[in-house]
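The block underneath contains the structure these notes are about, expressed in structure tokens.
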Amino acid sequence: MKRQTITKHVPMRTCIGCREIKPKRGMIRLVRTGNGFVKVDSGGKEAGRGAYLCPNTNCWQDGLTTGRLEHTLRAEITHENRKQIMEQGKTIVGG
Ligand SMILES: [Zn+2]
């Protein structure tokens, strides 16, 4: 671990669950791929429209079940797709 003595500009993102603005680095990105499928972007570098969530179960619940994800990504998310996102989220969030 290198020590950082200078605080550089930290990219901030809004969580679609709790709506709090937090450093992008600690958040999980969801991306809408070219075919309209939404998935967890574990590397954070996938091309496409993105949405961010805290690594927090409540945020995933809120973000995925209240239509905010669809709104943010301007995507139609199928029941199956939503289930897959939740499953991926569980492995990351841990519960
Ligand atoms: Zn959150």
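Note on naming: chains are A, B, ... as they come in the structure tokens, residues start from 1 per chain, ligands start from 1 in the order shown.
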Cut-off 8 Å, only C-alpha atoms and all ligand atoms, neighbours of ligand 1 as a list in words: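 Sorted by chain and then by number, the residues are Thr14, Cys15, Ile16, Gly17, Cys18, Arg19, Glu20, Leu53, Cys54, Pro55, Asn56, Asn58, Cys59 and Trp60 of chain A.
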Got a sec to tell me which of range 2-91 of chain A DSSP assigns to strand (DSSP E or B), as a count of residues only? 21
According to DSSP computed on the backbone, where in chain A is there alpha helix (DSSP H)? Give the residues as a PyMOL selection string. chain A and resi 57-65+68-73+79-89
Would you export the selected residues with N, CA, C and O atoms as a short mmCIF file (atom, residue, chain, number, x, y, z; two decimals), in the first residue's frame, please?
data_model
loop_
_atom_site.label_atom_id
_atom_site.label_comp_id
_atom_site.auth_asym_id
_atom_site.auth_seq_id
_atom_site.Cartn_x
_atom_site.Cartn_y
_atom_site.Cartn_z
N THR A 57 -26.76 -4.53 1.46
CA THR A 57 -27.95 -5.29 1.05
C THR A 57 -29.18 -4.40 0.89
O THR A 57 -29.95 -4.57 -0.05
N ASN A 58 -29.36 -3.47 1.81
CA ASN A 58 -30.53 -2.60 1.74
C ASN A 58 -30.55 -1.77 0.47
O ASN A 58 -31.60 -1.55 -0.13
N CYS A 59 -29.38 -1.31 0.08
CA CYS A 59 -29.28 -0.51 -1.14
C CYS A 59 -29.65 -1.34 -2.35
O CYS A 59 -30.32 -0.87 -3.26
N TRP A 60 -29.22 -2.59 -2.37
CA TRP A 60 -29.53 -3.47 -3.49
C TRP A 60 -31.02 -3.72 -3.54
O TRP A 60 -31.64 -3.67 -4.61
N GLN A 61 -31.60 -3.97 -2.39
CA GLN A 61 -33.05 -4.19 -2.32
C GLN A 61 -33.80 -2.98 -2.86
O GLN A 61 -34.65 -3.10 -3.74
N ASP A 62 -33.46 -1.82 -2.33
CA ASP A 62 -34.15 -0.60 -2.73
C ASP A 62 -33.92 -0.27 -4.19
O ASP A 62 -34.84 0.06 -4.92
N GLY A 63 -32.66 -0.36 -4.59
CA GLY A 63 -32.31 0.02 -5.96
C GLY A 63 -32.93 -0.90 -6.99
O GLY A 63 -33.32 -0.46 -8.08
N LEU A 64 -33.04 -2.18 -6.65
CA LEU A 64 -33.49 -3.15 -7.64
C LEU A 64 -35.00 -3.39 -7.61
O LEU A 64 -35.56 -3.90 -8.56
N THR A 65 -35.65 -3.03 -6.52
CA THR A 65 -37.06 -3.38 -6.42
C THR A 65 -38.00 -2.17 -6.53
O THR A 65 -39.20 -2.34 -6.55
N ARG A 68 -35.80 2.07 -9.65
CA ARG A 68 -34.76 3.09 -9.84
C ARG A 68 -33.69 2.63 -10.82
O ARG A 68 -33.12 3.43 -11.55
N LEU A 69 -33.43 1.35 -10.80
CA LEU A 69 -32.41 0.83 -11.71
C LEU A 69 -32.87 1.00 -13.16
O LEU A 69 -32.13 1.48 -14.00
N GLU A 70 -34.12 0.64 -13.42
CA GLU A 70 -34.68 0.81 -14.75
C GLU A 70 -34.62 2.27 -15.18
O GLU A 70 -34.26 2.59 -16.29
N HIS A 71 -34.99 3.12 -14.24
CA HIS A 71 -35.02 4.55 -14.52
C HIS A 71 -33.62 5.07 -14.85
O HIS A 71 -33.43 5.79 -15.83
N THR A 72 -32.65 4.68 -14.03
CA THR A 72 -31.29 5.18 -14.21
C THR A 72 -30.67 4.65 -15.49
O THR A 72 -29.99 5.37 -16.20
N LEU A 73 -30.90 3.39 -15.76
CA LEU A 73 -30.28 2.77 -16.93
C LEU A 73 -31.15 2.90 -18.17
O LEU A 73 -30.73 2.53 -19.27
N HIS A 79 -37.70 -10.08 -15.21
CA HIS A 79 -37.68 -10.74 -13.92
C HIS A 79 -36.42 -11.60 -13.77
O HIS A 79 -35.76 -11.61 -12.74
N GLU A 80 -36.11 -12.30 -14.85
CA GLU A 80 -34.95 -13.20 -14.85
C GLU A 80 -33.64 -12.41 -14.67
O GLU A 80 -32.77 -12.79 -13.90
N ASN A 81 -33.55 -11.30 -15.39
CA ASN A 81 -32.36 -10.47 -15.32
C ASN A 81 -32.19 -9.90 -13.92
O ASN A 81 -31.09 -9.90 -13.35
N ARG A 82 -33.30 -9.45 -13.33
CA ARG A 82 -33.25 -8.88 -11.99
C ARG A 82 -32.77 -9.92 -10.98
O ARG A 82 -31.98 -9.64 -10.09
N LYS A 83 -33.25 -11.15 -11.16
CA LYS A 83 -32.84 -12.24 -10.28
C LYS A 83 -31.34 -12.47 -10.37
O LYS A 83 -30.66 -12.67 -9.37
N GLN A 84 -30.84 -12.43 -11.61
CA GLN A 84 -29.40 -12.64 -11.81
C GLN A 84 -28.57 -11.53 -11.16
O GLN A 84 -27.53 -11.79 -10.56
N ILE A 85 -29.07 -10.31 -11.28
CA ILE A 85 -28.35 -9.19 -10.67
C ILE A 85 -28.33 -9.37 -9.16
O ILE A 85 -27.30 -9.17 -8.51
N MET A 86 -29.46 -9.75 -8.60
CA MET A 86 -29.54 -9.97 -7.16
C MET A 86 -28.58 -11.06 -6.70
O MET A 86 -27.92 -10.94 -5.67
N GLU A 87 -28.52 -12.13 -7.50
CA GLU A 87 -27.60 -13.23 -7.18
C GLU A 87 -26.15 -12.75 -7.21
O GLU A 87 -25.36 -13.07 -6.32
N GLN A 88 -25.82 -12.00 -8.25
CA GLN A 88 -24.46 -11.47 -8.35
C GLN A 88 -24.17 -10.54 -7.19
O GLN A 88 -23.08 -10.55 -6.62
N GLY A 89 -25.17 -9.76 -6.84
CA GLY A 89 -25.02 -8.82 -5.73
C GLY A 89 -24.76 -9.55 -4.42
O GLY A 89 -23.92 -9.13 -3.63
#
Nearest to Tyr52 in chain A, restricted to only C-alpha atoms and choosing among A:Lys22, A:Gly94, A:Arg74, A:Leu30, comes out as A:Leu30
Between CA of Gly67 in chain A and CA of Ile92 in chain A, what is the distance in Å, rounded to a tenth?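 These two atoms are separated by 21.1 Å.
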